[in-house]
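**Student:** Next comes the structure file data_3.tsv, holding TSV, C-alpha atoms.
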chain	number	residue	atom	x	y	z
A	228	MET	CA	-100.52	103.41	25.13
A	229	SER	CA	-96.83	103.75	26.01
A	230	LYS	CA	-96.95	100.67	28.22
A	231	LYS	CA	-98.41	98.60	25.38
A	232	TRP	CA	-95.64	99.85	23.12
A	233	TYR	CA	-92.97	98.79	25.63
A	234	TRP	CA	-94.55	95.35	26.02
A	235	ARG	CA	-94.73	94.87	22.24
A	236	VAL	CA	-91.11	95.89	21.72
A	237	GLY	CA	-90.00	93.65	24.57
A	238	PHE	CA	-92.01	90.75	23.15
A	239	TYR	CA	-90.47	91.05	19.69
A	240	LEU	CA	-86.99	91.39	21.17
A	241	LEU	CA	-87.53	88.21	23.17
A	242	VAL	CA	-88.80	86.37	20.08
A	243	THR	CA	-85.77	87.59	18.11
A	244	VAL	CA	-83.36	86.36	20.77
A	245	ILE	CA	-85.07	82.95	20.94
A	246	VAL	CA	-85.02	82.58	17.13
A	247	LEU	CA	-81.36	83.58	16.92
A	248	PHE	CA	-80.44	81.22	19.75
A	249	SER	CA	-82.30	78.34	18.07
A	250	VAL	CA	-81.45	78.93	14.41
A	251	PHE	CA	-77.92	80.36	14.53
A	252	PRO	CA	-76.10	77.07	15.38
A	253	PHE	CA	-77.68	75.35	12.37
A	254	TYR	CA	-76.99	78.39	10.18
A	255	TYR	CA	-73.32	78.41	11.21
A	256	ALA	CA	-73.12	74.66	10.60
A	257	ILE	CA	-74.29	75.27	7.04
A	258	LEU	CA	-71.63	77.96	6.58
A	259	THR	CA	-68.95	75.65	7.97
A	260	SER	CA	-70.03	72.78	5.71
A	261	PHE	CA	-69.00	74.85	2.68
A	262	LYS	CA	-65.50	75.54	4.02
A	263	SER	CA	-62.32	73.51	3.91
A	264	GLY	CA	-58.71	73.85	4.96
A	265	SER	CA	-57.71	77.00	6.82
A	266	ALA	CA	-61.03	78.66	5.93
A	267	LEU	CA	-62.64	76.58	8.69
A	268	PHE	CA	-60.91	78.72	11.31
A	269	GLU	CA	-62.03	82.03	9.82
A	270	VAL	CA	-65.06	83.48	11.59
A	271	GLU	CA	-67.56	84.61	8.95
A	272	TYR	CA	-71.29	85.16	9.31
A	273	LEU	CA	-72.10	85.49	5.61
A	274	PRO	CA	-71.31	82.90	2.93
A	275	SER	CA	-68.27	83.77	0.86
A	276	VAL	CA	-67.66	80.49	-1.01
A	277	PHE	CA	-69.76	77.43	-1.79
A	278	ASP	CA	-67.41	74.47	-1.81
A	279	TRP	CA	-69.37	71.21	-2.13
A	280	SER	CA	-66.32	69.00	-1.53
A	281	ASN	CA	-67.36	68.25	2.06
A	282	TYR	CA	-70.73	66.93	0.90
A	283	ALA	CA	-69.02	64.81	-1.74
A	284	SER	CA	-66.57	63.38	0.80
A	285	VAL	CA	-69.43	62.37	3.10
A	286	PHE	CA	-70.74	59.88	0.55
A	287	SER	CA	-67.47	58.93	-1.14
A	288	GLY	CA	-65.50	55.98	0.15
A	289	GLY	CA	-67.71	55.30	3.15
A	290	THR	CA	-70.98	53.82	4.30
A	291	PHE	CA	-72.82	57.06	5.09
A	292	GLY	CA	-75.50	56.36	2.50
A	293	ARG	CA	-76.15	52.98	4.09
A	294	ASN	CA	-76.15	54.56	7.55
A	295	LEU	CA	-78.71	57.10	6.37
A	296	PHE	CA	-80.90	54.29	5.03
A	297	ASN	CA	-80.55	52.43	8.34
A	298	SER	CA	-81.77	55.47	10.27
A	299	VAL	CA	-84.75	55.95	7.97
A	300	LEU	CA	-85.65	52.26	8.14
A	301	VAL	CA	-85.33	51.86	11.90
A	302	SER	CA	-87.08	55.14	12.73
A	303	THR	CA	-89.97	54.36	10.37
A	304	VAL	CA	-90.43	50.85	11.77
A	305	VAL	CA	-90.27	52.12	15.35
A	306	VAL	CA	-92.88	54.81	14.65
A	307	GLY	CA	-95.19	52.36	12.90
A	308	ILE	CA	-95.05	49.75	15.67
A	309	SER	CA	-95.28	52.40	18.41
A	310	LEU	CA	-98.38	53.95	16.88
A	311	LEU	CA	-100.04	50.57	16.29
A	312	LEU	CA	-99.44	49.38	19.83
A	313	GLY	CA	-100.05	52.86	21.23
A	314	VAL	CA	-103.51	53.18	19.64
A	315	THR	CA	-104.66	49.75	20.76
A	316	ALA	CA	-103.21	50.17	24.25
A	317	SER	CA	-104.66	53.67	24.62
A	318	TYR	CA	-108.11	52.35	23.67
A	319	ALA	CA	-107.91	49.75	26.42
A	320	LEU	CA	-106.50	52.17	28.98
A	321	GLY	CA	-108.62	55.17	28.02
A	322	ARG	CA	-112.02	53.63	27.26
A	323	ILE	CA	-112.23	50.42	29.30
A	324	ARG	CA	-112.49	50.59	33.07
A	325	PHE	CA	-110.70	47.75	34.84
A	326	LYS	CA	-109.00	47.24	38.17
A	327	GLY	CA	-105.41	48.46	38.24
A	328	ARG	CA	-105.71	50.78	35.23
A	329	ASN	CA	-104.14	53.72	37.04
A	330	ILE	CA	-101.30	51.50	38.23
A	331	VAL	CA	-100.62	50.45	34.63
A	332	LEU	CA	-100.58	54.08	33.50
A	333	LEU	CA	-98.23	55.08	36.32
A	334	THR	CA	-95.97	52.14	35.46
A	335	ILE	CA	-95.83	53.24	31.83
A	336	LEU	CA	-95.00	56.79	32.91
A	337	GLY	CA	-92.36	55.49	35.33
A	338	VAL	CA	-90.67	53.42	32.63
A	339	SER	CA	-90.35	56.49	30.42
A	340	MET	CA	-88.49	58.30	33.23
A	341	PHE	CA	-85.63	55.80	33.41
A	342	PRO	CA	-82.43	57.07	31.79
A	343	GLN	CA	-81.08	54.99	28.93
A	344	VAL	CA	-77.90	54.07	30.75
A	345	ALA	CA	-79.94	52.51	33.58
A	346	VAL	CA	-81.36	49.83	31.27
A	347	LEU	CA	-78.37	49.52	28.96
A	348	SER	CA	-76.75	46.41	30.45
A	349	GLY	CA	-80.00	44.48	30.89
A	350	LEU	CA	-81.20	45.38	27.41
A	351	PHE	CA	-77.85	44.36	25.97
A	352	GLU	CA	-78.15	40.89	27.51
A	353	LEU	CA	-81.73	40.61	26.25
A	354	ILE	CA	-80.82	41.56	22.69
A	355	ARG	CA	-77.84	39.19	22.69
A	356	ALA	CA	-80.00	36.35	24.04
A	357	PHE	CA	-82.49	36.88	21.19
A	358	GLY	CA	-79.68	36.88	18.63
A	359	LEU	CA	-80.46	40.44	17.55
A	360	TYR	CA	-77.07	42.03	18.25
A	361	ASN	CA	-75.71	44.12	15.37
A	362	SER	CA	-79.01	44.06	13.48
A	363	MET	CA	-81.82	46.45	12.60
A	364	PRO	CA	-84.47	44.46	14.54
A	365	GLY	CA	-82.27	44.74	17.63
A	366	LEU	CA	-82.10	48.52	17.29
A	367	ALA	CA	-85.85	48.73	16.69
A	368	LEU	CA	-86.50	46.70	19.85
A	369	ALA	CA	-84.17	48.93	21.85
A	370	TYR	CA	-85.76	52.14	20.56
A	371	MET	CA	-89.22	50.89	21.53
A	372	ILE	CA	-88.11	51.14	25.17
A	373	PHE	CA	-88.36	54.95	25.11
A	374	THR	CA	-90.82	55.60	22.25
A	375	LEU	CA	-93.65	53.23	23.22
A	376	PRO	CA	-94.29	54.48	26.81
A	377	PHE	CA	-94.45	58.08	25.62
A	378	THR	CA	-96.76	57.17	22.73
A	379	VAL	CA	-99.12	55.14	24.93
A	380	TRP	CA	-99.29	57.84	27.59
A	381	VAL	CA	-100.02	60.70	25.18
A	382	LEU	CA	-102.55	58.77	23.09
A	383	THR	CA	-104.34	57.57	26.23
A	384	THR	CA	-104.79	61.18	27.30
A	385	PHE	CA	-106.29	62.07	23.92
A	386	MET	CA	-108.43	58.93	23.89
A	387	GLN	CA	-110.00	59.82	27.23
A	388	GLN	CA	-111.13	63.19	25.85
A	389	LEU	CA	-113.15	61.74	22.95
A	390	PRO	CA	-116.95	61.64	23.50
A	391	LEU	CA	-118.31	58.30	24.70
A	392	GLU	CA	-121.42	58.81	22.56
A	393	LEU	CA	-119.43	58.07	19.40
A	394	GLU	CA	-118.37	54.69	20.70
A	395	GLU	CA	-121.85	53.88	22.00
A	396	ALA	CA	-123.41	54.71	18.64
A	397	ALA	CA	-120.89	52.47	16.87
A	398	ILE	CA	-121.65	49.60	19.27
A	399	VAL	CA	-125.37	50.00	18.59
A	400	ASP	CA	-124.64	49.74	14.86
A	401	GLY	CA	-122.81	46.46	15.47
A	402	ALA	CA	-119.22	47.67	15.13
A	403	THR	CA	-116.44	45.54	16.56
A	404	PRO	CA	-113.76	47.03	18.84
A	405	TRP	CA	-111.27	47.05	15.96
A	406	GLN	CA	-113.77	48.85	13.73
A	407	ILE	CA	-114.42	51.36	16.49
A	408	ILE	CA	-110.70	52.07	16.76
A	409	THR	CA	-109.94	52.30	13.04
A	410	LYS	CA	-113.13	53.86	11.63
A	411	VAL	CA	-114.53	55.93	14.50
A	412	LEU	CA	-111.73	57.01	16.82
A	413	MET	CA	-108.60	57.11	14.62
A	414	PRO	CA	-109.94	59.87	12.29
A	415	LEU	CA	-110.32	62.03	15.39
A	416	LEU	CA	-106.87	61.07	16.67
A	417	TRP	CA	-104.92	62.13	13.57
A	418	PRO	CA	-103.45	65.30	15.15
A	419	ALA	CA	-102.30	63.28	18.16
A	420	LEU	CA	-100.97	60.48	15.94
A	421	VAL	CA	-98.97	62.91	13.81
A	422	THR	CA	-97.57	64.68	16.87
A	423	THR	CA	-96.56	61.54	18.76
A	424	GLY	CA	-95.33	59.85	15.60
A	425	LEU	CA	-93.11	62.77	14.67
A	426	LEU	CA	-91.69	63.06	18.19
A	427	ALA	CA	-91.02	59.31	18.25
A	428	PHE	CA	-89.34	59.57	14.83
A	429	ILE	CA	-87.09	62.41	15.99
A	430	ALA	CA	-86.17	60.49	19.16
A	431	ALA	CA	-85.27	57.37	17.17
A	432	TRP	CA	-83.49	59.39	14.48
A	433	ASN	CA	-81.24	61.19	16.98
A	434	GLU	CA	-80.61	58.25	19.34
A	435	PHE	CA	-76.91	57.60	19.91
A	436	LEU	CA	-76.22	55.43	22.98
A	437	PHE	CA	-78.20	52.34	21.95
A	438	ALA	CA	-77.03	52.63	18.34
A	439	LEU	CA	-73.41	52.74	19.49
A	440	THR	CA	-73.79	49.84	21.92
A	441	PHE	CA	-75.92	47.42	19.91
A	442	THR	CA	-74.17	47.72	16.54
A	443	LEU	CA	-70.68	46.58	15.64
A	444	THR	CA	-70.09	47.05	11.91
A	445	ASN	CA	-70.27	50.24	9.88
A	446	GLU	CA	-72.95	48.74	7.62
A	447	GLN	CA	-75.39	48.38	10.57
A	448	ARG	CA	-74.79	51.74	12.25
A	449	THR	CA	-77.12	54.72	12.09
A	450	VAL	CA	-76.18	58.28	11.16
A	451	PRO	CA	-75.54	59.68	14.68
A	452	VAL	CA	-72.90	57.02	15.27
A	453	ALA	CA	-71.54	57.39	11.74
A	454	ILE	CA	-71.08	61.14	12.25
A	455	ALA	CA	-69.38	60.60	15.63
A	456	LEU	CA	-66.91	58.16	14.04
A	457	ILE	CA	-65.92	60.40	11.12
A	458	SER	CA	-62.15	60.78	11.27
A	459	GLY	CA	-59.57	62.79	9.39
A	460	ALA	CA	-56.49	61.78	7.48
A	461	GLY	CA	-54.33	61.88	10.61
A	462	GLN	CA	-54.68	60.96	14.26
A	463	TYR	CA	-55.04	64.57	15.41
A	464	GLU	CA	-57.11	65.85	12.51
A	465	LEU	CA	-60.82	66.44	13.01
A	466	PRO	CA	-62.62	67.14	9.70
A	467	TRP	CA	-65.07	69.79	10.88
A	468	GLY	CA	-66.25	70.57	7.36
A	469	THR	CA	-67.22	66.95	6.65
A	470	ILE	CA	-68.87	66.60	10.06
A	471	MET	CA	-70.92	69.75	9.53
A	472	ALA	CA	-71.93	68.62	6.04
A	473	ALA	CA	-73.12	65.28	7.44
A	474	SER	CA	-74.99	67.06	10.23
A	475	VAL	CA	-76.78	69.31	7.75
A	476	ILE	CA	-77.76	66.31	5.62
A	477	VAL	CA	-79.18	64.55	8.68
A	478	THR	CA	-81.06	67.62	9.96
A	479	ILE	CA	-82.78	68.62	6.71
A	480	PRO	CA	-85.27	65.67	6.67
A	481	LEU	CA	-86.45	66.58	10.19
A	482	ILE	CA	-86.96	70.22	9.22
A	483	VAL	CA	-88.92	69.19	6.13
A	484	MET	CA	-91.15	66.86	8.17
A	485	VAL	CA	-91.87	69.55	10.75
A	486	LEU	CA	-92.74	72.09	8.05
A	487	VAL	CA	-95.01	69.62	6.24
A	488	PHE	CA	-96.89	68.53	9.37
A	489	GLN	CA	-96.72	71.79	11.33
A	490	ARG	CA	-100.49	72.35	11.32
A	491	ARG	CA	-101.15	68.83	12.53
A	492	ILE	CA	-98.48	69.25	15.21
A	493	VAL	CA	-99.95	72.49	16.53
A	494	SER	CA	-103.49	71.08	16.58
A	495	GLY	CA	-102.23	67.93	18.25
A	496	LEU	CA	-100.38	69.83	20.96
A	497	THR	CA	-103.31	72.15	21.68
A	498	ALA	CA	-106.19	69.65	21.35
A	499	GLY	CA	-108.03	69.34	24.61
A	500	ALA	CA	-106.40	72.41	26.09
A	501	VAL	CA	-109.72	74.30	26.05
A	502	LYS	CA	-113.01	72.62	26.83
A	503	GLY	CA	-116.50	73.86	26.21
Please, can you express the file's structure as C-alpha cells?
**Tutor:**
Amino acid sequence: MSKKWYWRVGFYLLVTVIVLFSVFPFYYAILTSFKSGSALFEVEYLPSVFDWSNYASVFSGGTFGRNLFNSVLVSTVVVGISLLLGVTASYALGRIRFKGRNIVLLTILGVSMFPQVAVLSGLFELIRAFGLYNSMPGLALAYMIFTLPFTVWVLTTFMQQLPLELEEAAIVDGATPWQIITKVLMPLLWPALVTTGLLAFIAAWNEFLFALTFTLTNEQRTVPVAIALISGAGQYELPWGTIMAASVIVTIPLIVMVLVFQRRIVSGLTAGAVKG
C-alpha cells in the first residue's frame, strides 16, 4: 500500500512539473502583455493591473490585422489542399498495390526530414520563376513542402488499417473510386483528418523562415514575421509589452482549436494503437 502511495504522489508531482513547465511561459506572457513602462521589469506572478494599451497598440498604426488575416488565409488553404491531396494519395498508396510503392513512401518520408534551410535557395528560385514572390500563393506553395509529406504519410498509415471488406462491398455496389474515398473511407478517417489537419495548421501558422524569405512588404507578411519586426520608438528600445500582447493574440486561436477538437485529436492519435 505504501509503495502505491509513493508512486501516486510521484506521478502527480511529475504531472504538476510538466504542466507548470508548459503553461507558465504563456501565463507570464499574458501578465507581461498588461504591463508597460518600468512595470515590465518588475517580477510579479499575480496580475496587479490590467492595462490594455499594449493590445491597442498592436492594431493601431500598423498592419497586424492584415498579417493576422494572411496567416489565417494561408494556413487554411494549406490545410485544405494538404488534406485533399493527402486523402487521394493515401488511398493510392494504402489500398492499391503497385511496384515501387514502398520506395514512394520512403521518398515522402525522406522529403519531410529535410530541414527548411536545405531547400530554401532552390524553392526561392522556383517561386520567383513562377512569379509568386511576395504573394499568398507563393507562401502556400512553400508551406506545402513540409505539410504535404507529413499528411500523406500519416493518412496512408490510417488508410492501411481500414478493413478491405468495406471497399470490396462498395465496389460490388458499383461505387467509383471517388465515391469509395468520400462516402465509405472518409467518415472513418475523420479522427485522422482532424489530427493531421490541425498539426498542419499549427505548422503553417507558426512558420517563420519561409514567410520571412518569400515576402517583402508588410501587407503580405504573416504574424510570426510581423511580431519579429515589431520595433520601439528608438533604436535600442524593444517593446516587450506589445510583443507579448501580439504573441497572446496569435496563440489564443490555436488553444481554442485544440480545446474544440481535443476528442478528435486523442482518438486520431490513438486509433490503430490496439488491435483486436
**Student:** Could you give me, as a tab-separated table, every range 400-484 of chain A residue with an atom at most 10 Å from range 296-311 of chain A, plus its closest atom pair and distance in Å to one decimal, counting only C-alpha atoms, rows ordered by chain then number?
**Tutor:**
residue	atom	partner	partner_atom	distance
A:Leu420	CA	A:Leu310	CA	7.1
A:Val421	CA	A:Leu310	CA	9.5
A:Thr423	CA	A:Leu310	CA	8.0
A:Gly424	CA	A:Val306	CA	5.7
A:Leu425	CA	A:Val306	CA	8.0
A:Leu426	CA	A:Val306	CA	9.1
A:Ala427	CA	A:Val306	CA	6.1
A:Phe428	CA	A:Ser302	CA	5.4
A:Ile429	CA	A:Ser302	CA	8.0
A:Ala430	CA	A:Ser302	CA	8.4
A:Ala431	CA	A:Ser302	CA	5.3
A:Trp432	CA	A:Ser302	CA	5.8
A:Asn433	CA	A:Ser298	CA	8.8
A:Glu434	CA	A:Ser298	CA	9.6
A:Ala438	CA	A:Ser298	CA	9.8
A:Glu446	CA	A:Asn297	CA	8.5
A:Gln447	CA	A:Asn297	CA	6.9
A:Arg448	CA	A:Asn297	CA	7.0
A:Thr449	CA	A:Ser298	CA	5.0
A:Val450	CA	A:Ser298	CA	6.3
A:Pro451	CA	A:Ser298	CA	8.7
A:Val477	CA	A:Ser298	CA	9.6
A:Pro480	CA	A:Val299	CA	9.8
**Student:** I'd like the contact shell of range 240-252 of chain A - 12 Å cut-off, only C-alpha atoms, skipping same-chain residues fewer than 4 positions apart - returned as a PyMOL selection string.
**Tutor:** chain A and resi 233-236+256-259+272-273+471+474-475+478+482
**Student:** Would you mind reading off the distance between CA of Ile407 in chain A and CA of Glu394 in chain A, one decimal, in Å?
**Tutor:**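 Spanning CA of Ile407 in chain A to CA of Glu394 in chain A is a straight-line distance of 6.7 Å.
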**Student:** A:Gln387, A:Ser458, A:Thr469, A:Thr422: which is nearest Phe488 in chain A, counting all atoms listed in the file?
**Tutor:**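 Among A:Gln387, A:Ser458, A:Thr469, A:Thr422, it is A:Thr422 that comes nearest to Phe488 in chain A.
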**Student:** Go through A:Ile408, A:Leu465, A:Ile457, A:Val483 one by one, measure the shortest atom-to-atom distance of each to Ser284 in chain A using all atoms listed in the file, and give the residue with the smallest value.
**Tutor:**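 Of all the options, A:Ile457 lies closest to Ser284 in chain A.
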**Student:** Find the distance between CA of Val381 in chain A and CA of Phe325 in chain A and write it in Å to one decimal.
**Tutor:**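 Straight-line distance from CA of Val381 in chain A to CA of Phe325 in chain A works out to 19.4 Å.
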